[in-house]
Each structure stands twice: as C-alpha cells, then as structure tokens.
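Novice: Enclosed is the structure file start.pdb (PDB, C-alpha atoms).
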```
ATOM      1  CA  MET A   1     140.359 116.591  56.508
ATOM      2  CA  ASN A   2     141.267 113.454  58.447
ATOM      3  CA  ASP A   3     137.805 112.279  59.495
ATOM      4  CA  ALA A   4     136.346 109.249  57.784
ATOM      5  CA  LEU A   5     133.722 109.842  55.116
ATOM      6  CA  VAL A   6     130.709 107.731  54.223
ATOM      7  CA  ALA A   7     129.799 108.381  50.586
ATOM      8  CA  VAL A   8     126.326 107.226  49.551
ATOM      9  CA  GLY A   9     124.912 107.059  46.036
ATOM     10  CA  ILE A  10     121.159 106.448  46.132
ATOM     11  CA  GLY A  11     119.797 105.277  42.789
ATOM     12  CA  ASN A  12     116.365 104.083  41.778
ATOM     13  CA  THR A  13     117.430 100.426  41.813
ATOM     14  CA  THR A  14     120.516 100.167  44.030
ATOM     15  CA  ILE A  15     122.249 102.099  46.781
ATOM     16  CA  THR A  16     126.048 102.062  46.923
ATOM     17  CA  ILE A  17     127.988 103.047  50.018
ATOM     18  CA  GLY A  18     131.717 103.552  50.453
ATOM     19  CA  VAL A  19     133.651 104.330  53.629
ATOM     20  CA  SER A  20     136.888 106.226  53.090
ATOM     21  CA  GLU A  21     139.348 106.584  55.961
ATOM     22  CA  SER A  22     142.227 107.946  53.871
ATOM     23  CA  TRP A  23     141.322 110.951  51.776
ATOM     24  CA  VAL A  24     143.905 111.352  49.055
ATOM     25  CA  SER A  25     144.425 114.595  47.191
ATOM     26  CA  PRO A  26     143.265 114.852  43.559
ATOM     27  CA  GLY A  27     146.882 114.860  42.390
ATOM     28  CA  GLN A  28     147.450 111.436  43.966
ATOM     29  CA  LEU A  29     144.586 109.730  42.149
ATOM     30  CA  ALA A  30     145.432 107.066  39.612
ATOM     31  CA  LYS A  31     144.509 108.065  36.062
ATOM     32  CA  PRO A  32     143.234 105.080  34.068
ATOM     33  CA  GLY A  33     144.085 105.086  30.365
ATOM     34  CA  PRO A  34     142.661 103.324  27.312
ATOM     35  CA  ASP A  35     144.600 100.136  28.037
ATOM     36  CA  ASP A  36     142.853  99.861  31.396
ATOM     37  CA  PHE A  37     139.395  99.308  29.883
ATOM     38  CA  LEU A  38     137.343  97.123  32.226
ATOM     39  CA  THR A  39     140.441  96.483  34.354
ATOM     40  CA  ALA A  40     141.063  99.881  35.904
ATOM     41  CA  GLY A  41     139.631  99.014  39.314
ATOM     42  CA  SER A  42     138.987 102.000  41.550
ATOM     43  CA  PRO A  43     141.123 105.131  41.563
ATOM     44  CA  TRP A  44     139.789 105.769  45.097
ATOM     45  CA  GLN A  45     140.580 104.036  48.356
ATOM     46  CA  TRP A  46     137.689 102.553  50.366
ATOM     47  CA  SER A  47     137.923 100.645  53.622
ATOM     48  CA  GLN A  48     134.423  99.249  52.989
ATOM     49  CA  GLN A  49     131.886  99.144  50.173
ATOM     50  CA  VAL A  50     128.287  97.937  50.373
ATOM     51  CA  THR A  51     125.570  97.667  47.720
ATOM     52  CA  VAL A  52     121.911  97.181  48.684
ATOM     53  CA  GLU A  53     118.596  97.337  46.838
ATOM     54  CA  THR A  54     116.666 100.582  46.931
ATOM     55  CA  ALA A  55     113.317  98.813  47.256
ATOM     56  CA  GLY A  56     112.566  98.221  50.917
ATOM     57  CA  PHE A  57     115.762  99.959  52.041
ATOM     58  CA  ASP A  58     116.142  99.948  55.839
ATOM     59  CA  PRO A  59     119.192 101.923  57.024
ATOM     60  CA  ALA A  60     119.154 100.071  60.345
ATOM     61  CA  GLU A  61     120.124  96.886  58.507
ATOM     62  CA  LEU A  62     123.306  98.328  57.000
ATOM     63  CA  GLN A  63     126.265  96.082  57.745
ATOM     64  CA  LEU A  64     128.869  98.829  58.121
ATOM     65  CA  GLU A  65     131.623  99.301  60.660
ATOM     66  CA  ILE A  66     131.412 103.073  60.766
ATOM     67  CA  PRO A  67     134.457 104.852  62.210
ATOM     68  CA  ALA A  68     134.151 107.617  64.760
ATOM     69  CA  ALA A  69     133.896 111.255  63.659
ATOM     70  CA  THR A  70     132.332 110.226  60.363
ATOM     71  CA  ALA A  71     130.817 112.637  57.857
ATOM     72  CA  TRP A  72     128.007 111.441  55.575
ATOM     73  CA  ARG A  73     127.711 112.838  52.048
ATOM     74  CA  VAL A  74     124.846 111.657  49.869
ATOM     75  CA  ALA A  75     124.048 111.957  46.160
ATOM     76  CA  SER A  76     120.465 110.822  45.694
ATOM     77  CA  VAL A  77     117.898 110.506  42.924
ATOM     78  CA  HIS A  78     115.388 108.727  45.199
ATOM     79  CA  ARG A  79     113.920 111.146  47.737
ATOM     80  CA  PRO A  80     112.053 108.705  50.044
ATOM     81  CA  CYS A  81     115.178 106.573  50.541
ATOM     82  CA  GLU A  82     117.324 109.607  51.237
ATOM     83  CA  GLN A  83     114.821 110.850  53.787
ATOM     84  CA  ARG A  84     114.863 107.489  55.599
ATOM     85  CA  LEU A  85     118.662 107.480  55.636
ATOM     86  CA  ALA A  86     118.838 111.066  56.886
ATOM     87  CA  ALA A  87     116.391 110.359  59.719
ATOM     88  CA  TRP A  88     118.348 107.257  60.760
ATOM     89  CA  VAL A  89     121.757 108.972  60.728
ATOM     90  CA  ARG A  90     120.464 111.957  62.676
ATOM     91  CA  SER A  91     118.806 109.761  65.292
ATOM     92  CA  THR A  92     121.716 107.350  65.755
ATOM     93  CA  GLN A  93     124.648 109.734  65.150
ATOM     94  CA  PRO A  94     123.336 113.167  66.166
ATOM     95  CA  ASP A  95     126.791 114.769  66.316
ATOM     96  CA  VAL A  96     127.888 113.599  62.863
ATOM     97  CA  SER A  97     127.812 115.846  59.803
ATOM     98  CA  TYR A  98     125.212 114.728  57.226
ATOM     99  CA  ARG A  99     124.573 116.442  53.897
ATOM    100  CA  ASN A 100     122.369 115.535  50.956
ATOM    101  CA  LEU A 101     124.404 117.180  48.214
ATOM    102  CA  SER A 102     123.033 119.685  45.732
ATOM    103  CA  TYR A 103     124.706 121.010  42.604
ATOM    104  CA  GLN A 104     125.797 124.058  44.609
ATOM    105  CA  ASP A 105     127.988 121.813  46.795
ATOM    106  CA  LEU A 106     130.025 120.588  43.835
ATOM    107  CA  PRO A 107     133.206 121.998  42.247
ATOM    108  CA  LEU A 108     131.456 121.931  38.883
ATOM    109  CA  ASP A 109     129.975 124.494  36.518
ATOM    110  CA  VAL A 110     126.572 123.098  35.489
ATOM    111  CA  CYS A 111     125.746 124.768  32.177
ATOM    112  CA  VAL A 112     122.133 123.728  31.613
ATOM    113  CA  ASP A 113     118.774 125.473  31.866
ATOM    114  CA  HIS A 114     117.859 124.182  35.349
ATOM    115  CA  PRO A 115     120.917 122.954  37.286
ATOM    116  CA  ASP A 116     118.781 122.078  40.306
ATOM    117  CA  ARG A 117     116.831 119.514  38.258
ATOM    118  CA  VAL A 118     119.816 117.492  37.030
ATOM    119  CA  GLY A 119     120.221 114.110  38.710
ATOM    120  CA  MET A 120     122.969 114.220  41.312
ATOM    121  CA  ASP A 121     124.357 110.915  40.065
ATOM    122  CA  ARG A 122     125.109 112.573  36.724
ATOM    123  CA  LEU A 123     126.754 115.580  38.344
ATOM    124  CA  VAL A 124     128.992 113.784  40.840
ATOM    125  CA  ALA A 125     130.088 111.421  38.057
ATOM    126  CA  ALA A 126     131.185 114.520  36.131
ATOM    127  CA  VAL A 127     133.132 115.734  39.184
ATOM    128  CA  ALA A 128     134.958 112.396  39.277
ATOM    129  CA  VAL A 129     135.668 112.444  35.545
ATOM    130  CA  ASN A 130     137.175 115.917  35.832
ATOM    131  CA  GLN A 131     139.853 114.389  38.050
ATOM    132  CA  LEU A 132     140.531 111.513  35.675
ATOM    133  CA  ARG A 133     140.284 112.880  32.140
ATOM    134  CA  ASP A 134     142.976 114.526  30.068
ATOM    135  CA  PRO A 135     142.456 118.220  30.966
ATOM    136  CA  LEU A 136     142.764 119.185  27.297
ATOM    137  CA  ARG A 137     140.038 116.805  26.121
ATOM    138  CA  PRO A 138     136.270 116.625  26.643
ATOM    139  CA  ALA A 139     134.679 113.529  28.153
ATOM    140  CA  VAL A 140     131.491 111.598  27.492
ATOM    141  CA  ILE A 141     130.037 109.724  30.467
ATOM    142  CA  VAL A 142     127.707 106.756  29.963
ATOM    143  CA  ASP A 143     125.854 105.649  33.104
ATOM    144  CA  ALA A 144     123.780 102.533  32.400
ATOM    145  CA  GLY A 145     121.342 101.678  35.153
ATOM    146  CA  THR A 146     117.602 102.137  35.667
ATOM    147  CA  ALA A 147     117.972 104.922  33.139
ATOM    148  CA  ILE A 148     120.847 105.274  30.692
ATOM    149  CA  THR A 149     122.430 108.716  30.602
ATOM    150  CA  VAL A 150     125.020 109.958  28.124
ATOM    151  CA  ASP A 151     126.540 113.262  29.237
ATOM    152  CA  LEU A 152     129.214 115.698  28.078
ATOM    153  CA  VAL A 153     131.937 117.414  30.069
ATOM    154  CA  ASN A 154     133.726 119.947  27.883
ATOM    155  CA  PRO A 155     137.498 120.642  27.948
ATOM    156  CA  ALA A 156     136.904 123.471  30.434
ATOM    157  CA  GLY A 157     135.395 120.936  32.864
ATOM    158  CA  GLU A 158     131.833 122.213  32.533
ATOM    159  CA  PHE A 159     128.855 119.860  32.632
ATOM    160  CA  ARG A 160     127.001 120.593  29.385
ATOM    161  CA  GLY A 161     124.057 118.194  29.644
ATOM    162  CA  GLY A 162     123.322 115.157  27.520
ATOM    163  CA  SER A 163     120.684 112.514  26.902
ATOM    164  CA  ILE A 164     118.464 110.262  29.028
ATOM    165  CA  LEU A 165     116.803 107.078  27.835
ATOM    166  CA  PRO A 166     115.171 104.225  29.736
ATOM    167  CA  GLY A 167     117.378 101.359  30.851
ATOM    168  CA  MET A 168     116.811  97.842  29.591
ATOM    169  CA  ARG A 169     115.108  96.464  32.694
ATOM    170  CA  LEU A 170     112.799  99.466  32.836
ATOM    171  CA  VAL A 171     111.722  98.916  29.230
ATOM    172  CA  SER A 172     111.260  95.192  29.898
ATOM    173  CA  ARG A 173     108.898  95.971  32.781
ATOM    174  CA  ALA A 174     107.001  98.519  30.684
ATOM    175  CA  LEU A 175     106.515  96.031  27.828
ATOM    176  CA  ALA A 176     105.151  93.403  30.187
ATOM    177  CA  ALA A 177     102.914  95.872  32.033
ATOM    178  CA  ASN A 178     101.439  97.529  28.948
ATOM    179  CA  THR A 179     100.809  94.566  26.656
ATOM    180  CA  ASP A 180      98.596  91.509  26.950
ATOM    181  CA  GLN A 181     100.978  88.708  26.009
ATOM    182  CA  LEU A 182     104.553  89.959  26.155
ATOM    183  CA  PRO A 183     106.475  88.539  29.135
ATOM    184  CA  ARG A 184     108.993  90.325  31.285
ATOM    185  CA  VAL A 185     112.522  89.141  30.494
ATOM    186  CA  ASP A 186     116.027  89.871  31.714
ATOM    187  CA  PRO A 187     117.682  91.545  28.717
ATOM    188  CA  LEU A 188     121.264  90.934  29.821
ATOM    189  CA  PHE A 189     123.351  87.959  28.818
ATOM    190  CA  GLN A 190     125.158  85.514  31.077
ATOM    191  CA  ASN A 191     127.691  83.583  29.003
ATOM    192  CA  SER A 192     126.993  84.749  25.456
ATOM    193  CA  LEU A 193     125.539  87.725  23.634
ATOM    194  CA  PRO A 194     121.801  87.663  22.895
ATOM    195  CA  ASP A 195     121.105  86.367  19.402
ATOM    196  CA  PRO A 196     119.944  89.327  17.292
ATOM    197  CA  ILE A 197     117.407  87.011  15.635
ATOM    198  CA  GLY A 198     115.166  85.829  18.450
ATOM    199  CA  ILE A 199     113.452  82.504  17.765
ATOM    200  CA  SER A 200     111.047  82.890  20.693
ATOM    201  CA  THR A 201     109.085  85.827  22.075
ATOM    202  CA  GLU A 202     111.500  86.050  24.987
ATOM    203  CA  GLY A 203     114.491  85.897  22.657
ATOM    204  CA  ALA A 204     113.066  88.582  20.388
ATOM    205  CA  ILE A 205     112.458  90.890  23.346
ATOM    206  CA  ARG A 206     115.938  90.253  24.733
ATOM    207  CA  SER A 207     117.457  91.004  21.332
ATOM    208  CA  GLY A 208     115.507  94.207  20.925
ATOM    209  CA  LEU A 209     116.245  95.479  24.421
ATOM    210  CA  PHE A 210     119.937  94.637  24.432
ATOM    211  CA  TRP A 211     120.994  95.451  20.873
ATOM    212  CA  GLY A 212     118.621  98.416  20.742
ATOM    213  CA  SER A 213     120.336  99.877  23.812
ATOM    214  CA  VAL A 214     123.779  99.245  22.315
ATOM    215  CA  GLY A 215     122.744 101.018  19.111
ATOM    216  CA  ALA A 216     121.136 103.933  20.923
ATOM    217  CA  VAL A 217     124.176 104.561  23.104
ATOM    218  CA  ARG A 218     126.570 104.215  20.158
ATOM    219  CA  GLU A 219     124.581 106.834  18.242
ATOM    220  CA  LEU A 220     124.405 109.221  21.182
ATOM    221  CA  VAL A 221     128.132 108.895  21.913
ATOM    222  CA  ALA A 222     128.903 109.598  18.251
ATOM    223  CA  ARG A 223     126.583 112.591  17.959
ATOM    224  CA  ILE A 224     127.619 114.149  21.276
ATOM    225  CA  GLY A 225     131.275 113.640  20.351
ATOM    226  CA  ALA A 226     130.717 115.279  16.971
ATOM    227  CA  ALA A 227     129.088 118.293  18.624
ATOM    228  CA  THR A 228     132.093 119.166  20.785
ATOM    229  CA  GLU A 229     135.645 120.272  20.121
ATOM    230  CA  GLY A 230     138.265 117.544  20.263
ATOM    231  CA  SER A 231     138.016 113.789  20.580
ATOM    232  CA  PRO A 232     136.242 112.942  23.841
ATOM    233  CA  GLN A 233     137.428 110.376  26.330
ATOM    234  CA  LEU A 234     134.754 107.818  27.210
ATOM    235  CA  PHE A 235     133.884 106.789  30.746
ATOM    236  CA  PHE A 236     131.341 104.100  31.632
ATOM    237  CA  THR A 237     129.634 103.348  34.937
ATOM    238  CA  GLY A 238     126.409 101.832  36.239
ATOM    239  CA  GLY A 239     125.062  98.353  36.799
ATOM    240  CA  ASP A 240     124.692  97.432  33.108
ATOM    241  CA  ALA A 241     127.715  99.291  31.757
ATOM    242  CA  GLU A 242     130.233  96.484  32.129
ATOM    243  CA  GLN A 243     128.318  94.346  29.633
ATOM    244  CA  LEU A 244     127.379  97.161  27.257
ATOM    245  CA  ALA A 245     130.623  99.114  27.164
ATOM    246  CA  PRO A 246     132.864  96.734  25.158
ATOM    247  CA  LEU A 247     130.276  96.727  22.378
ATOM    248  CA  ILE A 248     130.116 100.520  22.247
ATOM    249  CA  ALA A 249     133.765 101.586  22.364
ATOM    250  CA  LYS A 250     137.133  99.895  22.682
ATOM    251  CA  ASP A 251     138.881 102.945  24.086
ATOM    252  CA  GLY A 252     136.659 103.712  27.055
ATOM    253  CA  VAL A 253     137.253 103.205  30.767
ATOM    254  CA  PHE A 254     134.779 101.366  32.992
ATOM    255  CA  ILE A 255     134.804 102.586  36.603
ATOM    256  CA  LYS A 256     132.247 100.908  38.821
ATOM    257  CA  ASP A 257     132.369 103.430  41.674
ATOM    258  CA  LEU A 258     132.425 106.641  39.630
ATOM    259  CA  VAL A 259     129.504 108.173  41.582
ATOM    260  CA  LEU A 260     131.073 107.420  44.968
ATOM    261  CA  GLY A 261     134.386 108.737  43.678
ATOM    262  CA  GLY A 262     132.695 111.959  42.648
ATOM    263  CA  ILE A 263     131.255 112.414  46.132
ATOM    264  CA  LEU A 264     134.702 111.921  47.621
ATOM    265  CA  ALA A 265     136.307 114.220  45.057
ATOM    266  CA  ALA A 266     133.768 116.936  45.840
ATOM    267  CA  GLN A 267     134.861 116.887  49.488
ATOM    268  CA  GLN A 268     138.531 117.081  48.532
ATOM    269  CA  ALA A 269     138.088 120.109  46.293
TER     270      ALA A 269
END
```
For the file at hand, write its structure as structure tokens.
Specialist:
Amino acid sequence: MNDALVAVGIGNTTITIGVSESWVSPGQLAKPGPDDFLTAGSPWQWSQQVTVETAGFDPAELQLEIPAATAWRVASVHRPCEQRLAAWVRSTQPDVSYRNLSYQDLPLDVCVDHPDRVGMDRLVAAVAVNQLRDPLRPAVIVDAGTAITVDLVNPAGEFRGGSILPGMRLVSRALAANTDQLPRVDPLFQNSLPDPIGISTEGAIRSGLFWGSVGAVRELVARIGAATEGSPQLFFTGGDAEQLAPLIAKDGVFIKDLVLGGILAAQQA
C-alpha cells in the first residue's frame, strides 16, 4: 500500500500520533540488539510525530500536515477520546479510511481468556515486538505509563498475557486523594535517583513509589521469564520506561514508539 497512514495510540494520559508516508516491509525493519539499549531510536519511519495530553483532547487542534489519501488506524484504551477523534475524522475527511483496531485486526494469536478485553496498547506492542525479537526466543514487554504492564510473547509469537499494576503517578494521586495529610508528589527523578531513605514526607513517598515500582517490575520480569521456555528478550516502552528500564535490566531495548510501530506493522502484515 502506498497511501500515507496516520497511526494513533490513545492512552489514558497521552495520545501519540505518527504519520508514515513510506511503509517498509517487515524484512526491512532495523532490529535493535542489546548494545542499542536506550539508543535504538525508532525502527520505523515517520514523517511526523505528535504527542498530546488525553485530558481535554480536541482533534481540531492537532497540528498535523496530513497527506492526501490517508488511512487512520487507532489503538485506544480511552473510549471517549477515540469517539471524539472518529467523529472529527469522519466529518472532516469523509472519504478517508478510519478504523479503531480490535484484536481481530491484528496478525497476533491472543491466548488469554477474553481477547476482546485486553488493552489494545498491549496487543499492538506485541505485534511490533514480533517483528523485532529473535524468532527463536520469547519476549517480555514492559510498558510503563498510567498503568505498568509486563507481558509475555512466547517463541511462537503468541501473546500469553501478563501482569498489570498501577503506574507511579496513579499511585501518587491515589495516596493524596485517600489520605488526610499525604501530599501528591512527582515520583520521577530529574538529575539524580530518589534517595531510598526519604527525610521528608515527600521524599519518603517518592522513594516508595519509584523504588517500589522498580522492585515490582524486576520481580515480574524474573517470574514471567522463569515461567517460559528460553531466555526472553526485554523490550521497554511508555512514558516512564526510559527512567525505570536501566535499573531493571541492562540487556533490554527501549523503544519509545513501540505502540505506533505495532499499528504500522499490523497494516503491513
């Protein structure tokens, strides 16, 4: 297909959009290795990328130069935002193909009890990883955002499920909302790691949120890896993954646009 594609990943906190005008075949994709950790860049080619906040999202304000004959493909975990986007695209570009993807649209065997209930961000990330991983090895995917998910793709390329835990900012908001005196804090660090021994209430919360998340993800990666055949490759994505990943594994690959890449890969299959 030669038409341009607008890939949209709608999360609970942010919306990422990529415009691809040159669809490469899966065999042409770069394959990051362990030495590329946090430096791999994108294996996919985008003419534009935009990130906006989910809260208050107004599609009419998107600053995109959208090529003619564009197809829109969306992976969403936030239904109201997807509905606003769909209404806008259909009213402004009535002749353009628009699809809110379901698991049935993906080149992926989803081996869980209720495939239709799995977040599309998790599934399209697995589609992307199937193009990047060693085909003889399983993969563990850590997506650290509003929620943190740790998922398994087996050597056969099947999505086998995984774990979901609340992300650090979500827990910070819950602590502040459900206690009398605990403040809301940003758990992430700027120039240095949070001190594990907080000497203020804010510092203690930041320590607990950050190091607790590191420990939880380490444990889940280890247990999921032990439950599958072979040594899994590790892939990290999501807004908080770049800061968490180096503390969890030294042999993983951070790919910022893994969800968008999975949308594109699904259309190339």
Novice: Would you translate the PyMOL selection byres ((chain A and resi 175-190) around 10) into the concrete set of residues it matches in this file, as JSON, numbers by chain?
Specialist: {"A": [168, 169, 170, 171, 172, 173, 174, 191, 192, 193, 194, 195, 201, 202, 203, 204, 205, 206, 207, 208, 209, 210, 211, 240, 243, 244]}
Novice: Counting only C-alpha atoms, which residue out of A:Gln268, A:Asn130, A:Thr92, A:Thr51 sits closest to Phe159 of chain A?
Specialist: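 Counting only C-alpha atoms, the residue closest to Phe159 of chain A is A:Asn130.
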Novice: Distance atom CA of Phe236 of chain A-atom CA of Ala266 of chain A, one decimal place?
Specialist: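 Going from atom CA of Phe236 of chain A over to atom CA of Ala266 of chain A, I get 19.3 Å.
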Novice: Evaluating the PyMOL selection byres ((chain A and resi 14) around 7) on the displayed file yields which residues, as a PDB file with C-alpha atoms, in the frame of the given file?
Specialist:
```
ATOM      1  CA  ILE A  10     121.159 106.448  46.132  1.00  0.00           C
ATOM      2  CA  GLY A  11     119.797 105.277  42.789  1.00  0.00           C
ATOM      3  CA  ASN A  12     116.365 104.083  41.778  1.00  0.00           C
ATOM      4  CA  THR A  13     117.430 100.426  41.813  1.00  0.00           C
ATOM      5  CA  ILE A  15     122.249 102.099  46.781  1.00  0.00           C
ATOM      6  CA  THR A  16     126.048 102.062  46.923  1.00  0.00           C
ATOM      7  CA  THR A  51     125.570  97.667  47.720  1.00  0.00           C
ATOM      8  CA  VAL A  52     121.911  97.181  48.684  1.00  0.00           C
ATOM      9  CA  GLU A  53     118.596  97.337  46.838  1.00  0.00           C
ATOM     10  CA  THR A  54     116.666 100.582  46.931  1.00  0.00           C
TER      11      THR A  54
END
```
Novice: I need the residue nearest Arg160 of chain A from this list: A:Ile141, A:Ile148, A:Ile199, A:Ala7. Use all atoms listed in the file for the distance.
Specialist: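 Going through A:Ile141, A:Ile148, A:Ile199, A:Ala7 one by one, the smallest distance to Arg160 of chain A is for A:Ile141.
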Novice: Can you work out which one of A:Asn154, A:Gln131, A:Gln104, A:Ser76 has the shortest atom-to-atom distance to Gly119 of chain A, counting all atoms listed in the file?
Specialist: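 Closest residue, counting all atoms listed in the file: A:Ser76.
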Novice: Name all residues at most 10 Å from Glu229 of chain A (count only C-alpha atoms; drop same-chain ones fewer than 2 positions away) and give them as a ChimeraX atom specification.
Specialist: /A:137-138,154-155,225-227,231-232
Novice: Applied to this file, what does the PyMOL selection byres ((chain A and resi 252) around 7) return in terms of residues, put as a PyMOL selection string?
Specialist: chain A and resi 34+37+233-235+249-251+253-254
Novice: Please provide as a list in words all residues within 12 Å of Ala60 of chain A, with the sequence filter that same-chain residues fewer than 4 positions apart are discarded (counting only C-alpha atoms).
Specialist: Gly56, Leu64, Arg84, Leu85, Ala86, Ala87, Trp88, Val89, Ser91 and Thr92 of chain A
Novice: Between atom CA of Lys256 of chain A and atom CA of Asp143 of chain A, measure the distance and give it in Å to one decimal.
Specialist: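 Here the two named atoms are 9.8 Å from each other.
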Novice: Neighbours of segment 3-6 of chain A within 7 Å (all atoms listed in the file; same-chain residues fewer than 5 positions away dropped), as a list of chain:residue names?
Specialist: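 Neighbouring residues, sequence-local ones excluded: A:Ile17, A:Gly18, A:Val19, A:Ser20, A:Glu21, A:Pro67, A:Ala69, A:Thr70, A:Ala71, A:Trp72, A:Arg73.
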Novice: Please measure the separation of atom CA of Thr237 of chain A and atom CA of Val110 of chain A, giving the value in Å to one decimal.
Specialist: 20.0 Å
Novice: Show me as a ChimeraX atom specification the residues that reach within 10 Å of (130.2, 120.8, 30.2), counting all atoms listed in the file and using the file's own coordinates.
Specialist: /A:108-112,126,138-140,151-162,228
Novice: I need the chosen residues saved as an mmCIF file, in the frame of the given file, with C-alpha atoms.
Specialist:
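After the write, result_1.cif holds the following:
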```cif
data_model
loop_
_atom_site.group_PDB
_atom_site.id
_atom_site.type_symbol
_atom_site.label_atom_id
_atom_site.label_comp_id
_atom_site.auth_asym_id
_atom_site.auth_seq_id
_atom_site.Cartn_x
_atom_site.Cartn_y
_atom_site.Cartn_z
ATOM 1 C CA LEU A 108 131.456 121.931 38.883
ATOM 2 C CA ASP A 109 129.975 124.494 36.518
ATOM 3 C CA VAL A 110 126.572 123.098 35.489
ATOM 4 C CA CYS A 111 125.746 124.768 32.177
ATOM 5 C CA VAL A 112 122.133 123.728 31.613
ATOM 6 C CA ALA A 126 131.185 114.520 36.131
ATOM 7 C CA PRO A 138 136.270 116.625 26.643
ATOM 8 C CA ALA A 139 134.679 113.529 28.153
ATOM 9 C CA VAL A 140 131.491 111.598 27.492
ATOM 10 C CA ASP A 151 126.540 113.262 29.237
ATOM 11 C CA LEU A 152 129.214 115.698 28.078
ATOM 12 C CA VAL A 153 131.937 117.414 30.069
ATOM 13 C CA ASN A 154 133.726 119.947 27.883
ATOM 14 C CA PRO A 155 137.498 120.642 27.948
ATOM 15 C CA ALA A 156 136.904 123.471 30.434
ATOM 16 C CA GLY A 157 135.395 120.936 32.864
ATOM 17 C CA GLU A 158 131.833 122.213 32.533
ATOM 18 C CA PHE A 159 128.855 119.860 32.632
ATOM 19 C CA ARG A 160 127.001 120.593 29.385
ATOM 20 C CA GLY A 161 124.057 118.194 29.644
ATOM 21 C CA GLY A 162 123.322 115.157 27.520
ATOM 22 C CA THR A 228 132.093 119.166 20.785
#
```
